[in-house]
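Next comes target_38.cif, with mmCIF, C-alpha atoms.
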```cif
data_run
#
loop_
_atom_site.label_atom_id
_atom_site.label_comp_id
_atom_site.auth_asym_id
_atom_site.auth_seq_id
_atom_site.Cartn_x
_atom_site.Cartn_y
_atom_site.Cartn_z
CA MET J 1 24.44 -90.34 -9.07
CA GLY J 2 23.72 -89.09 -12.58
CA THR J 3 24.87 -86.43 -15.02
CA TYR J 4 22.68 -83.48 -16.01
CA THR J 5 23.76 -81.52 -19.09
CA ILE J 6 22.80 -77.87 -19.34
CA LYS J 7 22.90 -76.66 -22.92
CA LEU J 8 23.27 -73.10 -24.16
CA PRO J 9 19.72 -71.78 -24.62
CA ASP J 10 18.48 -69.58 -27.44
CA VAL J 11 19.42 -66.15 -26.08
CA GLY J 12 17.83 -64.16 -28.90
CA GLU J 13 15.68 -64.61 -31.99
CA GLY J 14 17.72 -65.84 -34.92
CA VAL J 15 20.95 -66.07 -32.91
CA ALA J 16 22.96 -69.23 -33.64
CA GLU J 17 25.87 -68.65 -31.26
CA ALA J 18 26.96 -66.60 -28.27
CA GLU J 19 30.23 -65.63 -26.66
CA LEU J 20 31.07 -66.85 -23.18
CA VAL J 21 32.03 -63.73 -21.20
CA GLU J 22 32.02 -64.88 -17.57
CA TRP J 23 31.85 -68.01 -15.44
CA HIS J 24 30.06 -67.75 -12.09
CA VAL J 25 30.98 -71.31 -11.05
CA ALA J 26 34.01 -73.59 -11.12
CA ILE J 27 34.44 -77.36 -11.23
CA GLY J 28 33.49 -78.84 -7.88
CA ASP J 29 31.17 -75.99 -6.86
CA PRO J 30 27.74 -76.89 -5.45
CA VAL J 31 24.87 -75.41 -7.46
CA GLN J 32 21.35 -74.55 -6.33
CA GLU J 33 18.30 -74.29 -8.56
CA ASP J 34 18.09 -70.91 -10.38
CA MET J 35 21.71 -70.13 -9.48
CA ILE J 36 23.53 -68.20 -12.23
CA LEU J 37 26.12 -70.41 -13.92
CA ALA J 38 27.53 -68.20 -16.66
CA ALA J 39 27.06 -65.01 -18.65
CA VAL J 40 26.98 -65.11 -22.45
CA MET J 41 26.77 -62.28 -24.93
CA THR J 42 25.28 -61.88 -28.37
CA ASP J 43 25.46 -58.61 -30.28
CA LYS J 44 25.42 -56.11 -27.39
CA ALA J 45 23.24 -57.92 -24.86
CA THR J 46 24.65 -59.98 -22.00
CA VAL J 47 22.43 -62.81 -20.75
CA ASP J 48 22.78 -64.83 -17.54
CA VAL J 49 22.27 -68.61 -17.79
CA PRO J 50 20.72 -70.13 -14.62
CA SER J 51 20.70 -73.75 -13.49
CA PRO J 52 17.34 -75.56 -13.56
CA VAL J 53 18.49 -78.19 -11.04
CA GLU J 54 20.64 -78.71 -7.98
CA GLY J 55 23.95 -80.51 -8.28
CA THR J 56 27.72 -80.23 -8.36
CA VAL J 57 29.70 -78.85 -11.30
CA LYS J 58 31.79 -81.59 -12.92
CA TRP J 59 32.48 -80.13 -16.40
CA LEU J 60 32.57 -76.69 -18.06
CA GLY J 61 32.01 -76.34 -21.78
CA GLY J 62 34.54 -73.62 -22.59
CA GLU J 63 36.71 -70.75 -21.48
CA VAL J 64 35.95 -67.04 -21.32
CA GLY J 65 36.13 -65.67 -24.85
CA ASP J 66 35.01 -68.88 -26.56
CA THR J 67 32.09 -68.77 -29.00
CA LEU J 68 29.53 -71.50 -28.32
CA ALA J 69 26.72 -72.72 -30.57
CA VAL J 70 23.15 -72.56 -29.32
CA GLY J 71 22.23 -76.05 -28.14
CA SER J 72 25.79 -77.09 -27.32
CA ALA J 73 26.70 -78.39 -23.87
CA LEU J 74 27.53 -75.55 -21.50
CA VAL J 75 27.76 -77.20 -18.06
CA LYS J 76 27.51 -80.76 -16.76
CA LEU J 77 26.29 -81.30 -13.21
CA GLU J 78 26.47 -84.35 -11.02
CA VAL J 79 22.98 -84.76 -9.60
CA ALA J 80 21.26 -87.14 -7.20
CA GLY J 81 19.62 -90.07 -8.96
CA GLU J 82 19.35 -93.84 -8.91
CA GLY J 83 21.56 -95.89 -11.21
CA GLY J 84 23.02 -92.87 -13.02
CA THR J 85 20.76 -93.47 -16.05
CA ASN J 86 19.33 -90.31 -17.56
CA GLU J 87 17.07 -89.47 -20.45
CA PRO J 88 18.67 -89.30 -23.94
CA ASP J 89 19.29 -85.98 -25.67
CA GLU J 90 16.26 -84.31 -27.20
CA ASP J 91 15.82 -81.22 -29.35
CA PRO J 92 18.97 -79.04 -29.26
CA SER J 93 16.81 -76.01 -28.48
CA GLU J 94 16.21 -77.40 -25.00
CA GLY J 95 18.18 -75.30 -22.50
CA ALA J 96 19.12 -78.29 -20.32
CA GLU J 97 18.86 -82.06 -20.85
CA LYS J 98 19.93 -85.30 -19.25
CA THR J 99 22.43 -87.48 -21.09
CA GLY J 100 23.34 -91.16 -20.97
CA ASP J 101 26.21 -92.81 -19.15
CA GLU J 102 28.77 -91.47 -21.61
CA PRO J 103 32.36 -90.95 -20.41
CA GLN J 104 32.71 -87.57 -18.78
CA ALA J 105 35.70 -85.29 -18.99
CA PRO J 106 37.66 -85.23 -15.72
CA PRO J 107 37.98 -82.00 -13.76
CA LYS J 108 40.52 -79.61 -15.21
CA THR J 109 43.92 -79.44 -13.55
CA GLY J 110 47.04 -77.42 -14.17
CA ALA J 111 48.36 -80.24 -16.37
CA SER J 112 45.20 -80.75 -18.43
CA ASP J 113 45.57 -81.35 -22.15
CA ALA J 114 43.56 -80.15 -25.15
CA ASP J 115 40.62 -82.39 -24.14
CA ASP J 116 40.07 -80.10 -21.16
CA GLY J 117 38.99 -77.29 -23.50
CA LYS J 118 42.37 -75.66 -24.05
CA THR J 119 43.62 -75.22 -27.59
CA ALA J 120 47.09 -76.20 -28.71
CA SER J 121 48.00 -72.57 -29.27
CA GLN J 122 47.08 -71.71 -25.69
CA ASN J 123 49.31 -74.51 -24.41
CA ILE J 124 52.20 -73.26 -26.53
CA ASP J 125 51.65 -69.72 -25.25
CA GLN J 126 51.78 -70.93 -21.66
CA LEU J 127 55.02 -72.84 -22.25
CA ALA J 128 56.57 -69.82 -23.94
CA GLU J 129 55.50 -67.57 -21.08
CA LYS J 130 56.96 -69.99 -18.54
CA ALA J 131 60.25 -70.16 -20.42
CA ALA J 132 60.47 -66.37 -20.69
CA ARG J 133 59.57 -65.77 -17.04
CA PRO J 134 62.60 -64.63 -14.98
CA THR J 135 63.81 -66.94 -12.25
CA THR J 136 63.23 -66.20 -8.59
CA ASN J 137 66.90 -65.21 -8.21
CA PRO J 138 68.03 -63.19 -11.26
CA GLY J 139 71.59 -63.21 -9.97
CA ALA J 140 71.89 -67.00 -9.92
CA ALA J 141 75.37 -68.38 -10.37
CA GLY J 142 76.53 -70.73 -13.08
CA ALA J 143 77.57 -74.30 -12.62
CA GLY J 144 80.79 -73.34 -10.81
CA GLY J 145 79.18 -72.02 -7.63
CA PRO J 146 75.99 -71.81 -5.58
CA PRO J 147 73.43 -69.09 -6.37
CA ARG J 148 73.56 -65.75 -4.62
CA LYS J 149 70.85 -64.97 -2.13
CA PRO J 150 68.14 -62.54 -3.33
CA GLY J 151 69.29 -58.95 -2.83
CA GLU J 152 72.90 -59.99 -2.14
CA LYS J 153 75.60 -57.85 -3.72
CA PRO J 154 77.30 -59.72 -6.60
CA LEU J 155 80.93 -60.70 -6.01
CA ALA J 156 83.38 -59.34 -8.57
CA SER J 157 86.84 -57.79 -8.72
CA PRO J 158 87.24 -54.01 -9.15
CA ALA J 159 88.43 -54.59 -12.73
CA VAL J 160 85.26 -56.54 -13.57
CA ARG J 161 83.10 -53.87 -11.93
CA ARG J 162 84.80 -51.04 -13.87
CA ARG J 163 84.39 -52.89 -17.15
CA ALA J 164 80.74 -53.70 -16.42
CA MET J 165 80.05 -50.06 -15.54
CA GLY J 166 81.60 -48.89 -18.80
CA ALA J 167 79.48 -51.38 -20.75
CA GLY J 168 76.31 -50.40 -18.90
CA VAL J 169 75.86 -53.91 -17.48
CA ASP J 170 74.05 -54.56 -14.21
CA LEU J 171 76.14 -57.27 -12.53
CA ARG J 172 73.07 -58.49 -10.67
CA ARG J 173 71.94 -59.95 -13.98
CA VAL J 174 75.21 -61.80 -14.64
CA ALA J 175 75.63 -65.40 -13.48
CA GLY J 176 78.98 -66.02 -11.81
CA SER J 177 80.85 -69.30 -12.18
CA GLY J 178 83.28 -68.76 -9.30
CA PRO J 179 82.96 -69.66 -5.62
CA ALA J 180 79.81 -68.20 -4.03
CA GLY J 181 78.78 -66.98 -7.48
CA ARG J 182 81.81 -64.73 -7.99
CA ILE J 183 81.77 -63.04 -11.43
CA SER J 184 84.90 -63.27 -13.55
CA GLN J 185 85.93 -61.57 -16.78
CA THR J 186 84.94 -64.78 -18.58
CA ASP J 187 81.44 -64.60 -17.09
CA LEU J 188 81.12 -60.98 -18.22
CA ASP J 189 82.35 -61.90 -21.72
CA ALA J 190 79.75 -64.67 -21.90
CA TYR J 191 77.01 -62.27 -20.84
CA LEU J 192 78.02 -59.66 -23.45
CA ASP J 193 78.47 -62.28 -26.18
CA GLY J 194 74.99 -63.54 -25.43
CA GLY J 195 73.52 -60.35 -26.89
CA ALA J 196 72.15 -58.98 -23.62
CA ALA J 197 71.23 -55.33 -23.95
CA PRO J 198 73.18 -53.14 -21.47
CA SER J 199 71.26 -51.00 -19.05
CA ALA J 200 71.00 -47.29 -19.78
CA ALA J 201 72.19 -46.46 -16.28
CA ARG J 202 73.23 -48.19 -13.08
CA GLY J 203 70.29 -49.84 -11.32
CA LEU J 204 67.97 -49.48 -14.32
CA VAL J 205 66.90 -52.63 -16.12
CA ALA J 206 65.04 -52.69 -19.44
CA ASP J 207 61.64 -54.36 -19.29
CA THR J 208 61.12 -56.48 -22.39
CA SER J 209 58.08 -58.37 -21.15
CA VAL J 210 54.90 -58.50 -23.24
CA THR J 211 51.52 -59.14 -21.65
CA ASP J 212 48.82 -60.60 -23.90
CA VAL J 213 45.32 -59.47 -22.90
CA ARG J 214 42.58 -61.43 -24.64
CA ILE J 215 39.84 -59.19 -26.01
CA VAL J 216 36.50 -60.79 -25.19
CA GLY J 217 32.87 -59.86 -24.78
CA LEU J 218 31.74 -56.33 -25.40
CA ARG J 219 35.17 -54.96 -26.26
CA ARG J 220 35.54 -57.47 -29.10
CA LYS J 221 32.05 -56.72 -30.42
CA ILE J 222 32.81 -52.98 -30.42
CA ALA J 223 36.04 -53.57 -32.35
CA GLU J 224 34.27 -55.75 -34.93
CA LYS J 225 31.42 -53.29 -35.46
CA MET J 226 33.75 -50.28 -35.75
CA ALA J 227 35.92 -52.07 -38.30
CA LEU J 228 32.82 -53.09 -40.28
CA ALA J 229 31.43 -49.55 -40.29
CA LYS J 230 34.77 -48.10 -41.35
CA SER J 231 35.04 -50.51 -44.27
CA ARG J 232 31.52 -49.87 -45.62
CA ILE J 233 30.81 -46.19 -45.04
CA ALA J 234 32.97 -43.17 -45.83
CA HIS J 235 33.77 -41.27 -42.61
CA ILE J 236 33.92 -37.49 -42.40
CA THR J 237 34.41 -35.09 -39.49
CA TYR J 238 32.68 -31.72 -39.38
CA VAL J 239 33.32 -29.27 -36.55
CA GLU J 240 31.53 -25.99 -35.91
CA GLU J 241 31.78 -23.82 -32.81
CA ILE J 242 28.43 -22.73 -31.34
CA ASP J 243 27.67 -20.39 -28.46
CA VAL J 244 25.33 -22.27 -26.10
CA GLU J 245 25.23 -19.68 -23.33
CA ALA J 246 21.55 -18.93 -23.94
CA LEU J 247 20.78 -22.65 -24.04
CA GLU J 248 22.54 -23.18 -20.72
CA GLU J 249 20.50 -20.35 -19.17
CA LEU J 250 17.29 -21.96 -20.47
CA ARG J 251 18.33 -25.36 -19.14
CA ALA J 252 19.09 -23.94 -15.69
CA ALA J 253 15.74 -22.11 -15.62
CA LEU J 254 13.79 -25.24 -16.61
CA ASN J 255 15.55 -27.29 -13.94
CA ARG J 256 14.71 -24.61 -11.37
CA ASP J 257 11.05 -24.63 -12.37
CA ARG J 258 11.03 -28.43 -12.37
CA HIS J 259 12.30 -28.56 -8.80
CA GLU J 260 9.91 -25.87 -7.58
CA SER J 261 6.74 -27.01 -9.35
CA GLN J 262 7.22 -30.74 -9.93
CA GLY J 263 9.54 -31.73 -7.09
CA GLU J 264 11.42 -34.87 -8.06
CA GLY J 265 8.75 -36.03 -10.51
CA ARG J 266 10.75 -34.94 -13.56
CA PRO J 267 14.36 -35.84 -14.35
CA LYS J 268 17.07 -33.21 -14.30
CA LEU J 269 17.78 -31.83 -17.76
CA THR J 270 21.23 -32.23 -19.27
CA LEU J 271 22.27 -31.09 -22.73
CA LEU J 272 21.38 -34.47 -24.25
CA PRO J 273 17.59 -33.97 -24.49
CA PHE J 274 18.12 -30.61 -26.23
CA LEU J 275 20.53 -32.20 -28.71
CA MET J 276 18.06 -35.02 -29.35
CA ARG J 277 15.24 -32.59 -30.13
CA ALA J 278 17.60 -30.59 -32.37
CA MET J 279 18.44 -33.78 -34.27
CA VAL J 280 14.74 -34.52 -34.78
CA ILE J 281 14.20 -31.06 -36.27
CA ALA J 282 17.31 -31.32 -38.48
CA ILE J 283 16.26 -34.74 -39.81
CA ARG J 284 12.99 -33.26 -41.07
CA ASP J 285 15.06 -31.20 -43.51
CA GLN J 286 17.75 -33.85 -44.10
CA PRO J 287 16.03 -37.27 -44.01
CA ALA J 288 19.06 -38.96 -45.61
CA LEU J 289 20.85 -38.58 -42.27
CA ASN J 290 18.34 -40.92 -40.64
CA ALA J 291 19.04 -43.82 -42.97
CA LEU J 292 20.76 -47.17 -43.28
CA TYR J 293 22.62 -48.20 -46.42
CA ASP J 294 22.16 -51.81 -47.52
CA ASP J 295 25.27 -52.45 -49.59
CA GLU J 296 24.14 -55.91 -50.70
CA ALA J 297 20.79 -54.70 -52.07
CA GLY J 298 22.09 -51.29 -53.13
CA VAL J 299 19.24 -49.58 -51.25
CA LEU J 300 19.19 -46.68 -48.79
CA HIS J 301 16.54 -47.28 -46.13
CA GLN J 302 15.24 -43.90 -44.90
CA HIS J 303 13.42 -44.23 -41.58
CA GLY J 304 10.45 -42.14 -40.57
CA GLY J 305 10.97 -42.85 -36.89
CA VAL J 306 13.99 -41.30 -35.19
CA HIS J 307 15.60 -43.91 -32.95
CA ILE J 308 18.61 -42.28 -31.29
CA GLY J 309 21.47 -44.34 -29.86
CA ILE J 310 22.92 -42.82 -26.67
CA ALA J 311 26.37 -44.04 -25.61
CA ALA J 312 26.63 -45.11 -21.96
CA GLN J 313 29.82 -46.08 -20.12
CA THR J 314 29.56 -49.25 -18.02
CA ASP J 315 32.01 -51.46 -16.14
CA SER J 316 31.93 -53.85 -19.11
CA GLY J 317 32.63 -51.14 -21.67
CA LEU J 318 30.68 -48.73 -23.84
CA VAL J 319 27.11 -49.71 -24.74
CA VAL J 320 24.55 -47.81 -26.82
CA PRO J 321 20.95 -48.06 -25.59
CA VAL J 322 18.34 -46.71 -28.01
CA VAL J 323 15.72 -44.04 -27.34
CA ARG J 324 12.94 -45.02 -29.74
CA HIS J 325 10.72 -42.50 -31.51
CA ALA J 326 12.42 -39.39 -30.25
CA GLU J 327 10.22 -37.48 -32.70
CA ALA J 328 7.23 -38.33 -30.48
CA ARG J 329 8.87 -37.19 -27.22
CA ASP J 330 9.30 -33.72 -25.78
CA ILE J 331 12.43 -32.63 -23.92
CA TRP J 332 11.19 -34.06 -20.63
CA GLY J 333 10.24 -37.36 -22.26
CA CYS J 334 13.67 -37.66 -23.86
CA ALA J 335 15.36 -36.91 -20.53
CA ALA J 336 13.30 -39.53 -18.69
CA GLU J 337 14.04 -42.24 -21.27
CA VAL J 338 17.76 -41.43 -21.32
CA ALA J 339 17.89 -41.73 -17.52
CA ARG J 340 16.00 -45.05 -17.55
CA LEU J 341 18.09 -46.64 -20.30
CA GLY J 342 21.34 -45.37 -18.82
CA GLU J 343 20.57 -46.99 -15.48
CA ALA J 344 19.54 -50.25 -17.17
CA ALA J 345 22.78 -50.32 -19.17
CA LYS J 346 24.95 -49.75 -16.10
CA THR J 347 23.20 -52.45 -14.06
CA GLY J 348 23.21 -54.93 -16.95
CA SER J 349 19.41 -55.20 -16.98
CA ALA J 350 18.90 -53.64 -20.43
CA LYS J 351 17.00 -55.90 -22.83
CA ARG J 352 18.41 -56.94 -26.18
CA GLU J 353 15.86 -54.86 -28.09
CA GLU J 354 16.84 -51.80 -26.04
CA LEU J 355 20.44 -52.10 -27.25
CA SER J 356 19.76 -52.38 -30.98
CA GLY J 357 17.79 -50.75 -33.77
CA SER J 358 19.13 -47.18 -33.69
CA THR J 359 18.78 -45.12 -36.85
CA ILE J 360 21.18 -42.37 -35.76
CA THR J 361 23.58 -41.92 -32.86
#
```
Represent the structure from my file as structure tokens, please.
Amino acid sequence: MGTYTIKLPDVGEGVAEAELVEWHVAIGDPVQEDMILAAVMTDKATVDVPSPVEGTVKWLGGEVGDTLAVGSALVKLEVAGEGGTNEPDEDPSEGAEKTGDEPQAPPKTGASDADDGKTASQNIDQLAEKAARPTTNPGAAGAGGPPRKPGEKPLASPAVRRRAMGAGVDLRRVAGSGPAGRISQTDLDAYLDGGAAPSAARGLVADTSVTDVRIVGLRRKIAEKMALAKSRIAHITYVEEIDVEALEELRAALNRDRHESQGEGRPKLTLLPFLMRAMVIAIRDQPALNALYDDEAGVLHQHGGVHIGIAAQTDSGLVVPVVRHAEARDIWGCAAEVARLGEAAKTGSAKREELSGSTIT
């Protein structure tokens, strides 16, 4: 048996790294040729990485959210071969190469250390989460008695119950040191001295848990781009109310004529194509709106072509495919291109060049 190393390919011209957004395989999985191993993202495009060979996954080069350099090892497969001797590494631009008999990282387990791809901070976070996680039986007794069964009413004298009620304490959260977990005044004092926050009402328990959700993939790119735009360009908001009743009547009439004369050959008109054509006309009078400011060169690039970014909601988040040269399209042409790009964005088949290069949104 031998080891076959699949390296991260060049997923776009001039791109030096990509973010790992999804694994399609796990350690120990059998892999067929052309089977998708992982999805990586650069800028706004998500690219699937297939396997060029058959084998079994023995090593993964990162976790979801990690940024990997082009040419770095992505997956290592155990493949059929005599002697386990493979060709040495070649040019890093190769998408997949064979490596020598170097020691391989063992499969990850629940007790894996930093060599398994986990950072020290992630290990610390996991330990902290484990320590903060409530026990299976929140009403467990102290050292003086066995724990109460889940759902069992805590044992306490009427005096202890009255005092706990006045303090807003849920006795189910107090560990008892007496027989069968019986709660004494001393146990209640220890609970109150421990700084536990009393409940607002009987049966109500404050939830102090915090869930950390790692922002990866498209959501992180959107956050980075929005922060960058906010820091470089002054933002203004202008609102004007417009009566579009006549426009809606025209749109309905055109859709009626389309259905009667063209059948399903033309796309249904929404308001977007009309807004796109209105933007084209407005830019003729205000070309500075269709421009990009280069703060490093101190130059404003005014574009002749009107490339309009159209936001589209997908399962992975908001993406902005680009309708190129809207100035050269009529209403029907704009509608057809919006429909095509919207479908490509939702299915994940949009090309990188279709998701970049807008001059106005």
Proximity to Ser72 (chain J) - best of J:Leu8, J:Val160, J:Ala282, J:Ala16, all atoms listed in the file:
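Going through J:Leu8, J:Val160, J:Ala282, J:Ala16 one by one, the smallest distance to Ser72 (chain J) is for J:Leu8.
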Just say which residues the PyMOL selection byres ((chain J and resi 311) around 9) picks in this file, as a PyMOL selection string.
chain J and resi 309-310+312-313+318-322+342+361
For the residues selected in the previous step, produce a file with C-alpha atoms as a JSON list (two decimals), in the coordinates of the input.
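Result saved to out36.json:
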```json
[["chain", "number", "residue", "atom", "x", "y", "z"],
["J", 309, "GLY", "CA", 21.47, -44.34, -29.86],
["J", 310, "ILE", "CA", 22.92, -42.82, -26.67],
["J", 312, "ALA", "CA", 26.63, -45.11, -21.96],
["J", 313, "GLN", "CA", 29.82, -46.08, -20.12],
["J", 318, "LEU", "CA", 30.68, -48.73, -23.84],
["J", 319, "VAL", "CA", 27.11, -49.71, -24.74],
["J", 320, "VAL", "CA", 24.55, -47.81, -26.82],
["J", 321, "PRO", "CA", 20.95, -48.06, -25.59],
["J", 322, "VAL", "CA", 18.34, -46.71, -28.01],
["J", 342, "GLY", "CA", 21.34, -45.37, -18.82],
["J", 361, "THR", "CA", 23.58, -41.92, -32.86]]
```
So what does the PyMOL selection byres ((chain J and resi 222) around 12) actually pick up in this one, as a compact mmCIF listing (two decimals) with C-alpha atoms, keeping the file's coordinate frame?
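To be explicit, this is the file written out as result-v1.txt:
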```
# COMPACT_ATOMS: atom_id res chain seq x y z
CA THR J 42 25.28 -61.88 -28.37
CA ASP J 43 25.46 -58.61 -30.28
CA LYS J 44 25.42 -56.11 -27.39
CA ILE J 215 39.84 -59.19 -26.01
CA VAL J 216 36.50 -60.79 -25.19
CA GLY J 217 32.87 -59.86 -24.78
CA LEU J 218 31.74 -56.33 -25.40
CA ARG J 219 35.17 -54.96 -26.26
CA ARG J 220 35.54 -57.47 -29.10
CA LYS J 221 32.05 -56.72 -30.42
CA ALA J 223 36.04 -53.57 -32.35
CA GLU J 224 34.27 -55.75 -34.93
CA LYS J 225 31.42 -53.29 -35.46
CA MET J 226 33.75 -50.28 -35.75
CA ALA J 227 35.92 -52.07 -38.30
CA LEU J 228 32.82 -53.09 -40.28
CA ALA J 229 31.43 -49.55 -40.29
CA SER J 316 31.93 -53.85 -19.11
CA GLY J 317 32.63 -51.14 -21.67
CA LEU J 318 30.68 -48.73 -23.84
CA VAL J 319 27.11 -49.71 -24.74
CA VAL J 320 24.55 -47.81 -26.82
```
I need the residue nearest Lys153 (chain J) from this list: J:Val174, J:Ile6, J:Ala167, J:Val53. Use all atoms listed in the file for the distance.
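Using all atoms listed in the file, the shortest distance to Lys153 (chain J) belongs to J:Val174.
The result of the PyMOL selection byres ((chain J and resi 349) around 12) on the shown file is Ala45, Thr46, Val47, Asp48, Thr314, Pro321, Arg340, Leu341, Gly342, Glu343, Ala344, Ala345, Lys346, Thr347, Gly348, Ala350, Lys351, Arg352, Glu353, Glu354 and Leu355 of chain J.
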Would you mind reading off the distance between CA of Glu327 (chain J) and CA of Met276 (chain J), one decimal, in Å?
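So the two atoms, CA of Glu327 (chain J) and CA of Met276 (chain J), lie 8.9 Å apart.
Counting all atoms listed in the file and comparing J:Ala234, J:Pro287, J:Leu250, J:Arg173, the residue that lies closest to Gln302 (chain J) is J:Pro287.
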From the set J:Ala156, J:Asp207, J:Ile331, J:Asp34, which residue has the shortest atom-to-atom contact distance to Pro179 (chain J), counting all atoms listed in the file?
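Of J:Ala156, J:Asp207, J:Ile331, J:Asp34, the one nearest Pro179 (chain J), counting all atoms listed in the file, is J:Ala156.
For the pair CA of Gly65 (chain J) and CA of Ser51 (chain J), the separation is 20.8 Å.
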